[in-house]
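K.L.:
Let me give you the structure first, and then I'll get to my questions.
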Number of protein chains: 6
Amino acid sequence: MYDLVTFGEAMLRLSPPNFRRLEQTTNFDVQIGGAEMNVAVAASRLGLKTAFVTKLPRNPLGKMVENKSREQGVDTQHILWTDGGRVGIYYLEFGASPRASRVIYDRSGSAISTICSGEIDWKKILGQAGQFHLSGITPALSPSAAETTLEAVKTAREVNCPVSVDLNYRAKLWSQQQANKTMTQIMEYTNLLFTTEEDTQRVFDITAESYEEVAAKLAERFALETVAITLRGNISVWKNTWTAIAYSGGKIYKDKTYELEIVDRVGGGDSFTAGFLYGYLKFDKDIQKAVQYGDAFSALKHSIPGDINWSTLEEVEAQLKGAGLRVVR
Amino acid sequence: MYDLVTFGEAMLRLSPPNFRRLEQTTNFDVQIGGAEMNVAVAASRLGLKTAFVTKLPRNPLGKMVENKSREQGVDTQHILWTDGGRVGIYYLEFGASPRASRVIYDRSGSAISTICSGEIDWKKILGQAGQFHLSGITPALSPSAAETTLEAVKTAREVNCPVSVDLNYRAKLWSQQQANKTMTQIMEYTNLLFTTEEDTQRVFDITAESYEEVAAKLAERFALETVAITLRGNISVWKNTWTAIAYSGGKIYKDKTYELEIVDRVGGGDSFTAGFLYGYLKFDKDIQKAVQYGDAFSALKHSIPGDINWSTLEEVEAQLKGAGLRVVR
Amino acid sequence: MYDLVTFGEAMLRLSPPNFRRLEQTTNFDVQIGGAEMNVAVAASRLGLKTAFVTKLPRNPLGKMVENKSREQGVDTQHILWTDGGRVGIYYLEFGASPRASRVIYDRSGSAISTICSGEIDWKKILGQAGQFHLSGITPALSPSAAETTLEAVKTAREVNCPVSVDLNYRAKLWSQQQANKTMTQIMEYTNLLFTTEEDTQRVFDITAESYEEVAAKLAERFALETVAITLRGNISVWKNTWTAIAYSGGKIYKDKTYELEIVDRVGGGDSFTAGFLYGYLKFDKDIQKAVQYGDAFSALKHSIPGDINWSTLEEVEAQLKGAGLRVVR
Amino acid sequence: MYDLVTFGEAMLRLSPPNFRRLEQTTNFDVQIGGAEMNVAVAASRLGLKTAFVTKLPRNPLGKMVENKSREQGVDTQHILWTDGGRVGIYYLEFGASPRASRVIYDRSGSAISTICSGEIDWKKILGQAGQFHLSGITPALSPSAAETTLEAVKTAREVNCPVSVDLNYRAKLWSQQQANKTMTQIMEYTNLLFTTEEDTQRVFDITAESYEEVAAKLAERFALETVAITLRGNISVWKNTWTAIAYSGGKIYKDKTYELEIVDRVGGGDSFTAGFLYGYLKFDKDIQKAVQYGDAFSALKHSIPGDINWSTLEEVEAQLKGAGLRVVR
Amino acid sequence: MYDLVTFGEAMLRLSPPNFRRLEQTTNFDVQIGGAEMNVAVAASRLGLKTAFVTKLPRNPLGKMVENKSREQGVDTQHILWTDGGRVGIYYLEFGASPRASRVIYDRSGSAISTICSGEIDWKKILGQAGQFHLSGITPALSPSAAETTLEAVKTAREVNCPVSVDLNYRAKLWSQQQANKTMTQIMEYTNLLFTTEEDTQRVFDITAESYEEVAAKLAERFALETVAITLRGNISVWKNTWTAIAYSGGKIYKDKTYELEIVDRVGGGDSFTAGFLYGYLKFDKDIQKAVQYGDAFSALKHSIPGDINWSTLEEVEAQLKGAGLRVVR
Amino acid sequence: MYDLVTFGEAMLRLSPPNFRRLEQTTNFDVQIGGAEMNVAVAASRLGLKTAFVTKLPRNPLGKMVENKSREQGVDTQHILWTDGGRVGIYYLEFGASPRASRVIYDRSGSAISTICSGEIDWKKILGQAGQFHLSGITPALSPSAAETTLEAVKTAREVNCPVSVDLNYRAKLWSQQQANKTMTQIMEYTNLLFTTEEDTQRVFDITAESYEEVAAKLAERFALETVAITLRGNISVWKNTWTAIAYSGGKIYKDKTYELEIVDRVGGGDSFTAGFLYGYLKFDKDIQKAVQYGDAFSALKHSIPGDINWSTLEEVEAQLKGAGLRVVR
C-alpha cells in the first residue's frame with residue numbers, strides 16, 4: 001500500500017556554482033529533480049509511503065534518478081526502463097537582483113516523452129495507492145504522454161484513488177490552448193488542485209480580484225474538492241515572502257507569511273504540495289493543517305540547495321510552533 | 001609573561017559548504033574552534049601575548065589544534081598530551097531564514113574531558129599571567145574537568161591573577177542545577193563576567209526588566225568587578241544587529257549597534273571577550289574602550305568564515321573611527 | 001525474501017582530498033562505509049536482494065548511513081534506531097610510495113557498540129534470508145556486540161540460513177586472544193569464510209607454506225564448506241596486483257591476476273565477498289564462478305572512490321570476457 | 001574598422017573564495033580584469049567591434065590576458081609583447097557589513113608600466129576607430145605611460161577619433177597634484193568624461209551641491225561634450241542602489257535607480273561606460289539611451305562574478321522593459 | 001586567408017572529477033570539445049590562422065563553443081546560428097586499470113545535425129583556405145550533414161583547396177556499411193588521411209601485416225597523397241606509449257615512441273592531426289617534420305586536462321630536441 | 001637557544017590544481033615556501049628548536065609567511081617587517097611525462113631583496129644558535145642581500161656557530177660567474193655543504209667520474225667538514241628514485257634508494273637538509289644517521305602536497321625500520 005504515487009519526469013539538473021553565468025562556468029553542480037519526483041521524495045521524508053512512476057533509459061543517468069529517489073525511501077519498482085531515449089536536462093542559473101534566476105530546458109527526446117498508453121499497469125499500482133499526484137508538465141511532454149496521463153487518471157477514478165494535480169504550466173512545452181484542452185479533461189478526474197494565480201490565468205483564463213476568488217472559481221468550474229494556491233512575494237531575488245491559501249467546501253484557509261532568505265527556490269511549490277498532502281492525509285483531510293504543513297515545509301525548502309527538501313517532520317513542526325532564528329545547539 | 005591565559009576545549013569543526021544540510025553533504029569544511037581557544041587566538045591577533053591550556057591526544061587532529069593556535073602566535077607549550085581520548089567534533093549546519101543554523105556536538109570521550117586536578121601546574125602558568133580566562137563550558141565537560149577548573153581559579157586567586165569567565169551555558173553538557181552549583185563556586189574567584197541575558201536566566205535564575213539591571217544584579221550577587229553583556233538582534237539568519245553593554249563600579253557603558261551581514265556568527269561572543277580584554281588590559285581598565293573594542297572586533301568576526309577572527313587591530317580601530325562600506329583600495 | 005542479510009557497523013568516512021595529510025587538510029570528502037554495509041550495497045548492485053542490519057542514532061549522520069544504503073537498493077527497515085550513541089568515524093589518509101595510506105578510527109561510543117542481545121528479531125529477519133554475512137569486526141565492537149553476533153549466527157543455524165564470515169581482524173578493537181576465542185565460537189556456525197593469510201595467522205595462528213594450504217587447514221579445523229583468500233601484491237601504493245583463491249570440497253579454485261591502478265583500495269575485500277556471494281548464489285554454488293566474479297568485481301572497486309562499489313554486473317562480466325583498456329565509446 | 005579601441009592595463013585578479021580573508025585562504029579564484037579591458041570586453045558583448053591595446057610579457061599569464069579578451073570577441077592584434085616585465089596582480093577580498101571589500105594591488109614592474117611613446121602605431125589603430133577610450137589609471141602607471149597616453153589622445157584628435165575618459169583616480173599610483181596635472185592635459189582632447197563625485201573632487205577639486213552641478217562644472221571647465229556620473233548607494237556591503245546621470249548640451253539625463261544584490265561589484269563602473277558607449281554609438285548620440293543602457297548593463301554586472309560582464313544585449317533590453325524577479329523559464 | 005579551415009561538431013563535455021563514476025558524481029567539470037574544433041584550436045595555438053565552421057543554437061552553450069574557439073584565436077565568423085537544436089553533450093568517465101575510461105554520447109538533436117547543403121557558403125570560405133579538414137564524424141551526424149560534407153569537399157576540389165580527413169569511425173552514429181559508402185565518396189576528394197589501424201579495418205575492411213602496409217594500401221586504393229597512422233600502446237589506463245607513422249610518395253616516415261603518463265587522452269589524435277598539419281604546411285610538405293611535430297604535440301596533449309591542447313610551439317620544439325623530466329625553472 | 005636558524009626568502013606559491021596548465025586555470029592552490037623556510041619548518045617538525053629570519057612586507061601575504069612558519073613551531077620573532085616591497089610569487093605547474101613540471105618566478109621587488117647589511121642583529125641571533133643554514137638563493141636575490149649573507153656567515157664564525165649551505169643555483173637570479181664568486185666567499189665560512197652534481201658543475205665547475213669524487217673534491221677545495229649530495233632518478237614525472245651520499249672525514253656514507261610516487265617534489269631537497277641536520281645534531285655528528293634521516297624524510301616529502309613536509313619523526317623512523325605499503329590501521 002502506498003500513501004502516495006506520483007507520475008512524471010525527473011531530469012538531471014546542472015547549475016553553475018557561485019552565481020556564475022552558464023556561459024562562464026567551468027563546472028556544474030549536479031542534482032536530480034522534477035516536479036513529481038520532488039513531491040514523492042518530499043512526502044517520503046515526512047513519513048508517507050510513496051512510489052514514483054516514470055520511464056528512464058538504462059544508463060548511469062537513468063540510474064541516478066532511481067538512486068536519488070530511493071535514497072529518500074521512495075519505491076522505484078514501477079519505473080519503466082528502456083534502451084532508448086535520454087534523461088532530460090535542465091540548466092539552472094542563479095541570479096541576484098535585478099537579474100532573475102533562469103532555467104534552460106534541454107529535455108526533448110527524453111525517455112519519458114516516449115511513454116505510451118498501456119506501458120504502465122495503472123490498475124495494479126493505483127489500486128494500492130491512497131493518493132495519485134501529477135503535474136501539468138507530464139501531459140505536456142508529448143501527445144503519447146498526454147494520452148498516458150489521461151489513462152492514469154481515468155484508472156485512478158476506477159479504482160477509487162483520489163487524484164491531485166499541480167497545474168504547473170510550461171510555455172516551452174505546449175501552447176495555452178493545448179494546455180487548456182488537456183488539463184480540462186484531466187480536471188474531470190481531479191480532487192485536489194495546486195496552482196498559482198498566474199498559471200490559472202494562462203491555462204484556464206480565470207482571473208479574479210483576489211486569490212480567494214480565483215480558488216473559488218476553479219473549485220466551482222471543475223467541481224474540485226479543494227484548491228490550494230501558493231503566493232510568492234519577490235522582494236528581491238534572494239529575499240521572498242511566501243504563504244498559501246486553500247479553498248475547500250466553500251471556506252478559505254490561510255496561514256502566516258514566511259520571510260525567506262533564498263538559497264534555492266526551485267522545488268518550493270513541490271514541497272508545498274508534499275507538505276499539504278502530508279497534512280491532508282495524516283490529519284483526516286484537515287485543510288487548515290494541510291495548508292500549514294505545506295507552507296512551513298516549502299518555506300524550509302527555500303533554504304536548501306537542490307530540488308529535494310532535506311527537512312524533517314520535526315523541523316516542520318518546530319516551524320509550526322514558531323521556531324526562532326538563534327543557532328540551535 | 002603572558003597577558004592572557006585561557007583554558008578549555010578545542011574541537012574539530014565540520015561544516016557542509018554552500019548551505020547544504022548535514023544529511024546531504026559530500027564534503028566538510030574543516031576548522032578548529034572552541035570558546036577559550038577562540039579567545040586566546042583572537043587576543044593574540046590584537047597583540048596580546050597569550051597561552052592556551054588544554055589536553056589533547058597525540059594524533060594529527062590533536063596536532064591540528066596546536067598548529068592552528070600557534071599559527072596565530074598563541075603559546076602552546078602548556079598543552080597536555082595524552083595517548084588516550086579523542087578530539088571532540090562539532091558539526092555546524094548553516095541556515096537561512098526561516099531555518100536557523102544548527103550545531104550538533106560529538107564531543108563525549110574527548111581528551112580534555114579526562115583532565116584531572118593535579119595534571120596542570122597552574123601555579124607556574126598563572127604565576128606569569130596577567131589574566132586568566134575560561135568559559136562555563138570547561139567545568140561542564142566532566143566532573144574531573146569541573147574539579148580542575150576550580151583548582152585553576154583558586155590558584156589564580158592565590159597568585160593574584162584576575163579571572164574572567166564567559167558564562168556560556170551548554171544544555172547538552174549539564175543541567176541548570178549543576179551549572180548553577182559549579183558556576184556559583186567559580187564566581188567566587190571571578191573578576192570579570194561575560195554573558196547574555198538568556199544564559200544568566202538559565203544558570204543563575206536572574207531576570208530583570210533591562211539588560212542593564214541584569215548586569216547590575218550579577219555584579220552585586222557575586223561581587224564582580226565588571227559584567228559585560230552582548231546583545232544580538234536576529235533580524236534574519238543572514239542579518240543581525242549586534243552591540244554590548246558593561247556594568248562596572250556602578251556605571252553602565254554602551255556602544256553603537258552594528259548592522260551585520262552574517263558570514264559565520266560562531267565565535268562572535270568569543271571575539272567580544274578578546275576585544276574587551278584587549279581594551280581592558282591595554283587601556284588600564286578603561287571599560288568604555290573595552291566595550292568598544294569588544295563590540296567592533298566581534299562585529300568584524302561575523303564577516304569571517306570559521307571560529308577564528310582573522311581581523312587586525314588596524315581594522316578594529318578603523319571601525320571605531322567609522323569605517324565605510326566602499327571598497328578599500 | 002532476501003538473498004543476503006548483513007550485520008555490522010557503518011561509519012562516516014572522512015578523507016582529505018588530493019593526497020593532503022590529515023593534519024594539513026582544510027576539508028574532507030565524506031563517504032559512508034563499513035565492511036558489512038559495503039557487502040550489502042555491493043551485492044545489491046549486482047542484483048541480489050539484500051538487507052543491512054545495524055544500530056544507528058536518530059540524527060542526520062545516522063540517516064546518512066540509511067540513505068546511502070537504500071540509494072543502492074538495500075533494505076533498511078531492520079535498522080535499529082536509538083537516541084543515544086554516535087555514528088563512528090574513520091579518517092582515511094591516502095599515501096604515495098613510500099608512504100602507505102593510513103586509517104585512524106574514532107569509533108568508540110558508537111550506537112552499534114551498544115547493541116544488546118534481544119534487540120534484533122533475528123528469527124524474523126534470517127528466517128527469510130538466503131545467506132547471512134558478517135565480519136570479525138562486529139563482535140569486536142563490544143562484549144554486548146559479540147553476544148549479539150553469537151545470538152545471530154546461532155539463530156541463523158536454527159532457521160537454516162547459511163552463514164558467511166569475513167575474518168577481518170582489527171587490532172585496535174581487541175587482542176588476538178579475544179579474537180581467537182570469539183571467532184572460534186562463531187566458526188562453529190559458519191559455512192563460508194573469507195580471509196587473508198595474515199589475518200588467519202593473527203587470529204587462528206594458522207600458517208602454512210602456501211595460501212592453498214592455509215585455506216585447506218582452515219576448512220579442516222572449522223569444518224567449513226568453503227574458504228576464500230584474497231591475495232594482494234603491493235608493487236607500490238598506487239599499483240597493486242590482485243587475485244584470489246578458494247578451497248572447497250578438497251579442491252582449489254583460482255583466477256587470473258589483475259593489475260590495478262589504485263584510486264581507492266578501501267572496500268576491495270568487501271567487494272570480493274559480494275562478488276563471490278553473487279556468483280555462489282546465482283550459479284548454484286559454482287565456486288569457480290564465485291571466485292571469478294569476486295575477483296573481477298573487487299578489481300573494479302579499486303578504481304572507484306569511496307567504500308561503495310559503483311560497478312555494474314555488465315562491467316563485471318565484461319572483465320570476465322577480457323575487457324580492454326581503450327576508451328569505451 | 002573598430003567601433004571602440006581601449007588602452008590600459010589588465011591584471012591577474014586573485015580572490016579568496018567564500019568570504020575568506022586573504023591571510024586565511026588556501027586557494028584563489030583567478031580572473032582577469034582592468035578598467036579598459038573590462039570596457040572593451042563588455043562593449044564587445046553588446047555587439048560593438050572593439051580592440052584592446054596593452055603591453056604584455058610573453059608568458060602564460062600574458063597569454064591569459066589575451067585569451068580572455070578574445071574569448072569575448074575583442075581584437076588583440078595590437079597588443080605589444082615583451083620579454084620583460086610581469087602581469088600585475090590585484091588581490092580582492094570580499095567583505096560583509098560592517099567589513100568593506102578590499103583590494104590590494106601588486107602591480108609595480110608590470111610590462112605595461114614600461115610602455116614608451118613611439119611603441120604603438122596610434123595613427124594606424126585610431127585611424128580606423130570610431131571611439132577611443134582610456135581611464136585615469138593608464139597615465140598613472142608610470143611617467144612613460146603618461147607620455148604614451150598623451151601621445152595617444154593627441155593622435156586621436158589628429159585622426160578625428162573622439163576620446164572618452166573614465167577619471168578613475170588611484171591614490172596608490174599617484175598624488176592628487178600629479179593626477180590633476182596630467183588629467184587636465186588629457187581633458188583637452190576628451191569628448192566624453194565618466195566619473196564619480198568623489199574622484200572629481202580629488203582630481204579636479206570640483207565640488208558642488210548636487211551631482212548635476214558637478215557634471216555641469218566639469219563640462220564647462222574642460223569644454224566636454226558630455227559628462228556622465230555614476231551614483232552608488234551603499235546600503236550594506238551586499239546591497240547597494242545604483243543609478244547614473246549625464247550632462248550634455250546643457251541638459252541633464254537621468255534614469256531609474258536599481259536595487260542591487262551584490263555578487264561582485266568590481267567592474268560595475270566599466271560596464272556603465274561600455275553600456276553608455278553602446279547606446280551613444282548605436283543610437284546616434286542619444287544621451288538618454290546611453291544613460292539607460294549604461295545603467296542597466298552595469299546593474300546586471302553586479303550580479304556576476306569577475307570583472308567581466310557576461311550579460312547579453314537581450315538581457316539589458318529586458319531590464320529597460322522592466323524585467324521581473326521571477327525565475328525565467 | 002586561412003591556413004586551415006575545419007568543419008564539424010563541438011560538444012559540451014561533462015566529466016566527473018577525481019575518478020568518480022558518472023552515477024556517483026555530484027558535479028561535473030565542463031569542457032568544450034569535438035574532433036574538428038580540437039584541430040582548429042590546436043593548430044591555432046601553434047601559429048596557424050584557422051577558422052572553425054559549425055552550426056550552433058543561440059544560447060549560452062552555443063556561445064560557449066564560440067568563446068572557447070576564439071579564446072585560442074580561431075576565427076568563428078562562419079559559424080551558422082540557429083534558434084533550434086541543442087549543443088550535444090558527451091559524458092566522459094575517467095577509468096583506472098582494469099577499468100577503461102568511458103564516453104557516453106548524448107548528441108542527437110544537435111543543431112549541427114540539422115545542417116543542410118546550401119546553408120554554408122563553401123566557395124567563399126574555402127576559396128581563402130590553404131587546407132580544409134574534417135573527420136568521419138561530421139558526415140555521420142545525419143544524412144543532411146553527410147550531404148553538406150560532400151558539398152564541402154567537392155567545393156574544396158573546385159577551388160583547389162586540399163582536403164585532409166581523419167577517418168574517426170563512430171559506431172554509435174552509423175553502421176560500417178554506411179561509413180564505407182560515404183567515406184569512399186569523400187576519399188575521392190581527399191589528399192591527406194589520418195587514421196588508426198582499427199578504423200581502417202572497420203570502415204574500409206583493409207587489413208595487413210603491418211601498419212606500414214595498411215598505410216600503403218590506403219594510399220593506393222584512394223590515390224591519397226599521404227596517409228598518417230597513430231599508434232597507441234595501452235600499458236595501463238594511466239600509462240600509454242604513443243607514436244605515429246606516415247606513408248607518402250612510396251616512403252614510410254617514423255618517429256620515436258613517447259612514454260605517456262595520462263592525464264587526459266581525449267583529443268590526442270586531434271592534436272596529432274594539428275601538429276602534423278602545422279609541420280606539413282610550415283615546412284613545405286616535409287612529411288618527416290610533420291610526423292615529428294604531430295607526434296610530439298599529441299604526446300604533450302595527453303598531459304593536459306580537456307580536449308584542448310594548451311601546449312605551445314616552444315614546448316613542441318623542446319620535445320623535438322629531447323626535453324628532460326626535471327623541473328623547468 | 002635555537003638548534004637551528006635559517007635565513008632566506010619565502011614566497012607565495014600558486015599552483016593550478018588537477019594538472020591544469022597555468023594559462024588554462026581558473027583557480028590556484030595557495031602554499032607558502034622557500035628553501036630556508038622549508039628547512040626551518042621541516043626541522044621543527046622533527047623536534048629541533050628553529051628560527052627563520054627573513055624580511056617581509058606588513059600585509060596579509062607577509063603575515064601568511066609568518067603564520068605558516070609558526071604554525072609548525074618555528075620562531076618568527078626575528079623577522080624584519082617593512083612597509084615597502086612585496087611577497088614574491090612562484091607559479092608551479094605540475095607536469096606528466098613527457099611534460100616536466102615547471103616553475104615560473106615572479107619574485108623581483110620582494111621585501112627580502114631590499115635587505116641590507118646592518119638590519120639584522122646577527123650576533124644576538126646566531127649567538128644562541130647551534131647551527132646556521134642558508135642556501136645559494138639568498139645571496140642571489142640582490143647585491144645587498146649578498147652582502148647581508150656574507151655579514152651573517154662571518155658573524156656566525158665569530159660566535160662559533162657552524163654554517164651549512166645548500167648550493168641551490170638559480171640561473172634566473174644570477175650568472176654562473178656571479179654565483180662562483182659569491183659562493184666561493186661563503187664557502188670560507190661553511191662547515192656543511194648540501195648540493196647536487198649538476199649545481200656543483202655549474203657554480204664551481206667541478207666535475208668527476210662519480211658523485212663520491214665530486215663530494216670529495218668539494219670538501220677538499222673548500223676545506224668543508226662534510227659534503228652531502230642528493231641523487232634523483234627521473235624514471236618519469238610521477239615516478240622517481242631518490243637517494244643521497246655524504247663525504248666526511250675522508251669517508252663516503254650511503255643509504256638505500258627509495259622508489260617514489262610523486263605527489264609534489266618541490267621541497268624534497270630541503271627536507272633532505274632538515275632530516276640530515278636533525279640526525280647530525282641529535283646523534284652527535286653521526287653522518288650515517290644524518291644521511292639516513294635526510295633520505296627517509298625527503299622521500300616522504302615527495303608524497304605530500306606543498307613545500308612543507310608534514311611528516312613526523314615517527315614516520316621517518318618507521319621508514320628507517322622498513323615500513324611497508326599496506327594500509328596502516
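By convention here, the chains of the C-alpha cells are called A, B, ... in the order presented, each chain's residues are numbered starting at 1, and ligands are numbered starting at 1 in the order presented.
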Contacts of region 131-139 of chain C at 6 Å or less, counting only C-alpha atoms, minus same-chain residues fewer than 5 places along, as a ChimeraX atom specification?

P.N.:
/C:4-8,36,145-146,149,161-168

K.L.:
Pick out the residues sitting within 10 Å of Gly324 (chain E), and hand them over as a PDB file with N, CA and C atoms, in the first residue's frame; count only C-alpha atoms, and ignore anything fewer than 3 positions along from it in its own chain.

P.N.:
ATOM      1  N   ALA E 318      60.840  21.945 -27.979  1.00  0.00           N
ATOM      2  CA  ALA E 318      61.693  21.429 -26.905  1.00  0.00           C
ATOM      3  C   ALA E 318      61.637  19.902 -26.870  1.00  0.00           C
ATOM      4  N   GLN E 319      60.455  19.339 -27.107  1.00  0.00           N
ATOM      5  CA  GLN E 319      60.351  17.866 -27.160  1.00  0.00           C
ATOM      6  C   GLN E 319      61.177  17.321 -28.312  1.00  0.00           C
ATOM      7  N   LYS E 321      63.805  18.442 -29.458  1.00  0.00           N
ATOM      8  CA  LYS E 321      65.226  18.500 -29.082  1.00  0.00           C
ATOM      9  C   LYS E 321      65.533  17.601 -27.884  1.00  0.00           C
ATOM     10  N   VAL E 327      62.295  19.449 -13.211  1.00  0.00           N
ATOM     11  CA  VAL E 327      61.501  20.672 -13.110  1.00  0.00           C
ATOM     12  C   VAL E 327      62.166  21.785 -13.923  1.00  0.00           C
ATOM     13  N   VAL E 328      61.402  22.417 -14.773  1.00  0.00           N
ATOM     14  CA  VAL E 328      61.895  23.556 -15.544  1.00  0.00           C
ATOM     15  C   VAL E 328      61.746  24.806 -14.693  1.00  0.00           C
TER      16      VAL E 328
ATOM     17  N   SER F  97      54.612  12.975 -17.747  1.00  0.00           N
ATOM     18  CA  SER F  97      55.509  12.617 -18.853  1.00  0.00           C
ATOM     19  C   SER F  97      54.772  12.672 -20.168  1.00  0.00           C
ATOM     20  N   PRO F  98      55.373  13.227 -21.195  1.00  0.00           N
ATOM     21  CA  PRO F  98      56.748  13.725 -21.264  1.00  0.00           C
ATOM     22  C   PRO F  98      56.882  15.202 -20.901  1.00  0.00           C
ATOM     23  N   ARG F  99      55.870  15.804 -20.320  1.00  0.00           N
ATOM     24  CA  ARG F  99      55.946  17.219 -19.970  1.00  0.00           C
ATOM     25  C   ARG F  99      56.414  17.361 -18.527  1.00  0.00           C
ATOM     26  N   ALA F 100      57.562  17.962 -18.333  1.00  0.00           N
ATOM     27  CA  ALA F 100      58.096  18.162 -16.994  1.00  0.00           C
ATOM     28  C   ALA F 100      57.299  19.226 -16.257  1.00  0.00           C
ATOM     29  N   ASN F 234      65.024  10.234 -12.592  1.00  0.00           N
ATOM     30  CA  ASN F 234      63.721  10.612 -13.165  1.00  0.00           C
ATOM     31  C   ASN F 234      63.179   9.505 -14.064  1.00  0.00           C
ATOM     32  N   SER F 236      60.086   8.777 -14.526  1.00  0.00           N
ATOM     33  CA  SER F 236      59.044   9.514 -15.244  1.00  0.00           C
ATOM     34  C   SER F 236      58.710  10.706 -14.363  1.00  0.00           C
ATOM     35  N   VAL F 237      57.759  11.532 -14.807  1.00  0.00           N
ATOM     36  CA  VAL F 237      57.446  12.716 -13.991  1.00  0.00           C
ATOM     37  C   VAL F 237      56.813  12.299 -12.662  1.00  0.00           C
TER      38      VAL F 237
END

K.L.:
Can you work out which residues from chain D touch chain B at a cut-off of 12 Å (counting only C-alpha atoms) and hand them back as a PyMOL selection string?

P.N.:
chain D and resi 16-26+90-106+168-173+198+232-240+264-267

K.L.:
Give me the residues near Glu119 (chain B) as an mmCIF file with C-alpha atoms, in the first residue's frame, where near means some atom within 12 Å (using only C-alpha atoms) and where sequence neighbours in that chain fewer than 3 positions away do not count.

P.N.:
data_model
loop_
_atom_site.group_PDB
_atom_site.id
_atom_site.type_symbol
_atom_site.label_atom_id
_atom_site.label_comp_id
_atom_site.auth_asym_id
_atom_site.auth_seq_id
_atom_site.Cartn_x
_atom_site.Cartn_y
_atom_site.Cartn_z
ATOM 1 C CA VAL B 53 45.913 25.332 28.062
ATOM 2 C CA THR B 54 44.096 22.161 27.093
ATOM 3 C CA LYS B 55 44.548 18.389 26.895
ATOM 4 C CA HIS B 78 51.443 24.102 28.326
ATOM 5 C CA ILE B 79 49.170 21.792 26.380
ATOM 6 C CA LEU B 80 48.938 18.370 27.984
ATOM 7 C CA TRP B 81 49.393 15.458 25.544
ATOM 8 C CA THR B 82 47.888 12.039 26.092
ATOM 9 C CA ILE B 112 40.101 17.273 27.733
ATOM 10 C CA THR B 114 39.628 13.288 31.162
ATOM 11 C CA ILE B 115 41.669 16.098 32.626
ATOM 12 C CA CYS B 116 42.253 15.757 36.371
ATOM 13 C CA TRP B 122 48.651 26.105 37.469
ATOM 14 C CA LYS B 123 50.943 27.914 39.841
ATOM 15 C CA SER B 144 37.081 15.956 36.870
ATOM 16 C CA ALA B 145 37.152 18.903 34.466
ATOM 17 C CA GLU B 147 37.380 19.981 39.690
ATOM 18 C CA THR B 148 40.361 21.054 37.613
ATOM 19 C CA THR B 149 38.636 24.302 36.747
ATOM 20 C CA GLU B 151 41.673 24.212 41.151
ATOM 21 C CA ALA B 152 42.703 26.640 38.433
#

K.L.:
DSSP on the backbone, alpha helix (DSSP H) only: what residues of region 93-267 of chain C does that give? Format it as a PyMOL selection string.

P.N.:
chain C and resi 122-126+143-158+176-187+197-204+211-222

K.L.:
With only C-alpha atoms as the counted atoms, please give the residues lying no more than 6 Å from Ala274 (chain F), apart from itself and same-chain residues fewer than 5 positions off, as a list in words.

P.N.:
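The residues satisfying every condition are Val39, Ala42 and Ala43 of chain F.
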
K.L.:
Please dump the current selection as a CSV table (one decimal), in the first residue's frame; keep C-alpha atoms.

P.N.:
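File result_25.csv, as written:
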chain,number,residue,atom,x,y,z
F,39,VAL,CA,64.3,23.7,6.2
F,42,ALA,CA,60.8,20.6,8.4
F,43,ALA,CA,63.5,20.6,11.2

K.L.:
If we count only C-alpha atoms and set the cut-off at 12 Å, which residues sit around Ser175 (chain D), ignoring sequence neighbours fewer than 5 positions away in its own chain? Please answer as number ranges by chain.

P.N.:
D: 140-141, 169-170, 180-183, 202-203

K.L.:
Could you state the separation of CA of Thr50 (chain A) and CA of Val74 (chain A) in Å, given to one decimal place?

P.N.:
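Going from CA of Thr50 (chain A) over to CA of Val74 (chain A) covers 5.3 Å.
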
K.L.:
Please run DSSP on the backbone and report, as a list in words, all residues within region 67-112 of chain F that come out as strand (DSSP E or B).

P.N.:
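Selecting the strand (DSSP E or B) positions of region 67-112 of chain F gives Asp75, Leu80, Trp81, Thr82, Arg86, Ile89, Tyr90, Tyr91, Leu92, Glu93, Ala96, Arg99, Arg102, Val103, Ile104, Tyr105, Asp106 and Ser110 of chain F.
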
K.L.:
Just N, CA and C atoms for this one: save the residues we selected as a compact mmCIF listing (two decimals), in the first residue's frame.

P.N.:
# COMPACT_ATOMS: atom_id res chain seq x y z
N ASP F 75 60.23 29.78 15.33
CA ASP F 75 60.24 31.09 15.98
C ASP F 75 60.37 32.17 14.90
N LEU F 80 62.05 40.65 10.00
CA LEU F 80 62.09 42.11 9.84
C LEU F 80 60.87 42.54 9.02
N TRP F 81 60.10 43.46 9.56
CA TRP F 81 58.88 43.92 8.87
C TRP F 81 59.11 45.28 8.24
N THR F 82 58.54 45.46 7.04
CA THR F 82 58.75 46.70 6.31
C THR F 82 57.44 47.16 5.66
N ARG F 86 57.24 43.55 -1.58
CA ARG F 86 56.15 42.60 -1.76
C ARG F 86 56.59 41.21 -1.34
N ILE F 89 56.37 35.70 -5.66
CA ILE F 89 55.45 34.62 -6.04
C ILE F 89 56.19 33.61 -6.89
N TYR F 90 55.88 32.35 -6.72
CA TYR F 90 56.29 31.41 -7.76
C TYR F 90 55.08 30.57 -8.16
N TYR F 91 54.94 30.46 -9.49
CA TYR F 91 53.86 29.67 -10.06
C TYR F 91 54.40 28.28 -10.34
N LEU F 92 53.69 27.28 -9.92
CA LEU F 92 54.13 25.90 -10.11
C LEU F 92 53.09 25.16 -10.92
N GLU F 93 53.53 24.64 -12.05
CA GLU F 93 52.66 23.89 -12.96
C GLU F 93 53.09 22.44 -12.91
N ALA F 96 53.25 15.90 -16.47
CA ALA F 96 53.11 14.45 -16.57
C ALA F 96 53.92 14.08 -17.80
N ARG F 99 55.87 15.80 -20.32
CA ARG F 99 55.95 17.22 -19.97
C ARG F 99 56.41 17.36 -18.53
N ARG F 102 56.92 22.68 -14.10
CA ARG F 102 57.55 23.96 -14.44
C ARG F 102 57.28 24.99 -13.35
N VAL F 103 58.34 25.77 -13.06
CA VAL F 103 58.22 26.85 -12.10
C VAL F 103 58.46 28.18 -12.82
N ILE F 104 57.56 29.14 -12.62
CA ILE F 104 57.76 30.49 -13.14
C ILE F 104 57.86 31.43 -11.94
N TYR F 105 58.97 32.15 -11.87
CA TYR F 105 59.18 33.04 -10.74
C TYR F 105 58.67 34.44 -11.05
N ASP F 106 58.07 35.07 -10.06
CA ASP F 106 57.69 36.48 -10.12
C ASP F 106 58.10 37.06 -8.78
N SER F 110 60.84 41.91 -4.20
CA SER F 110 60.41 41.37 -2.90
C SER F 110 61.07 42.14 -1.76

K.L.:
Figure out the distance between CA of Thr273 (chain F) and CA of Ile206 (chain F), please, to one decimal in Å.

P.N.:
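These atoms are spaced 21.4 Å apart.
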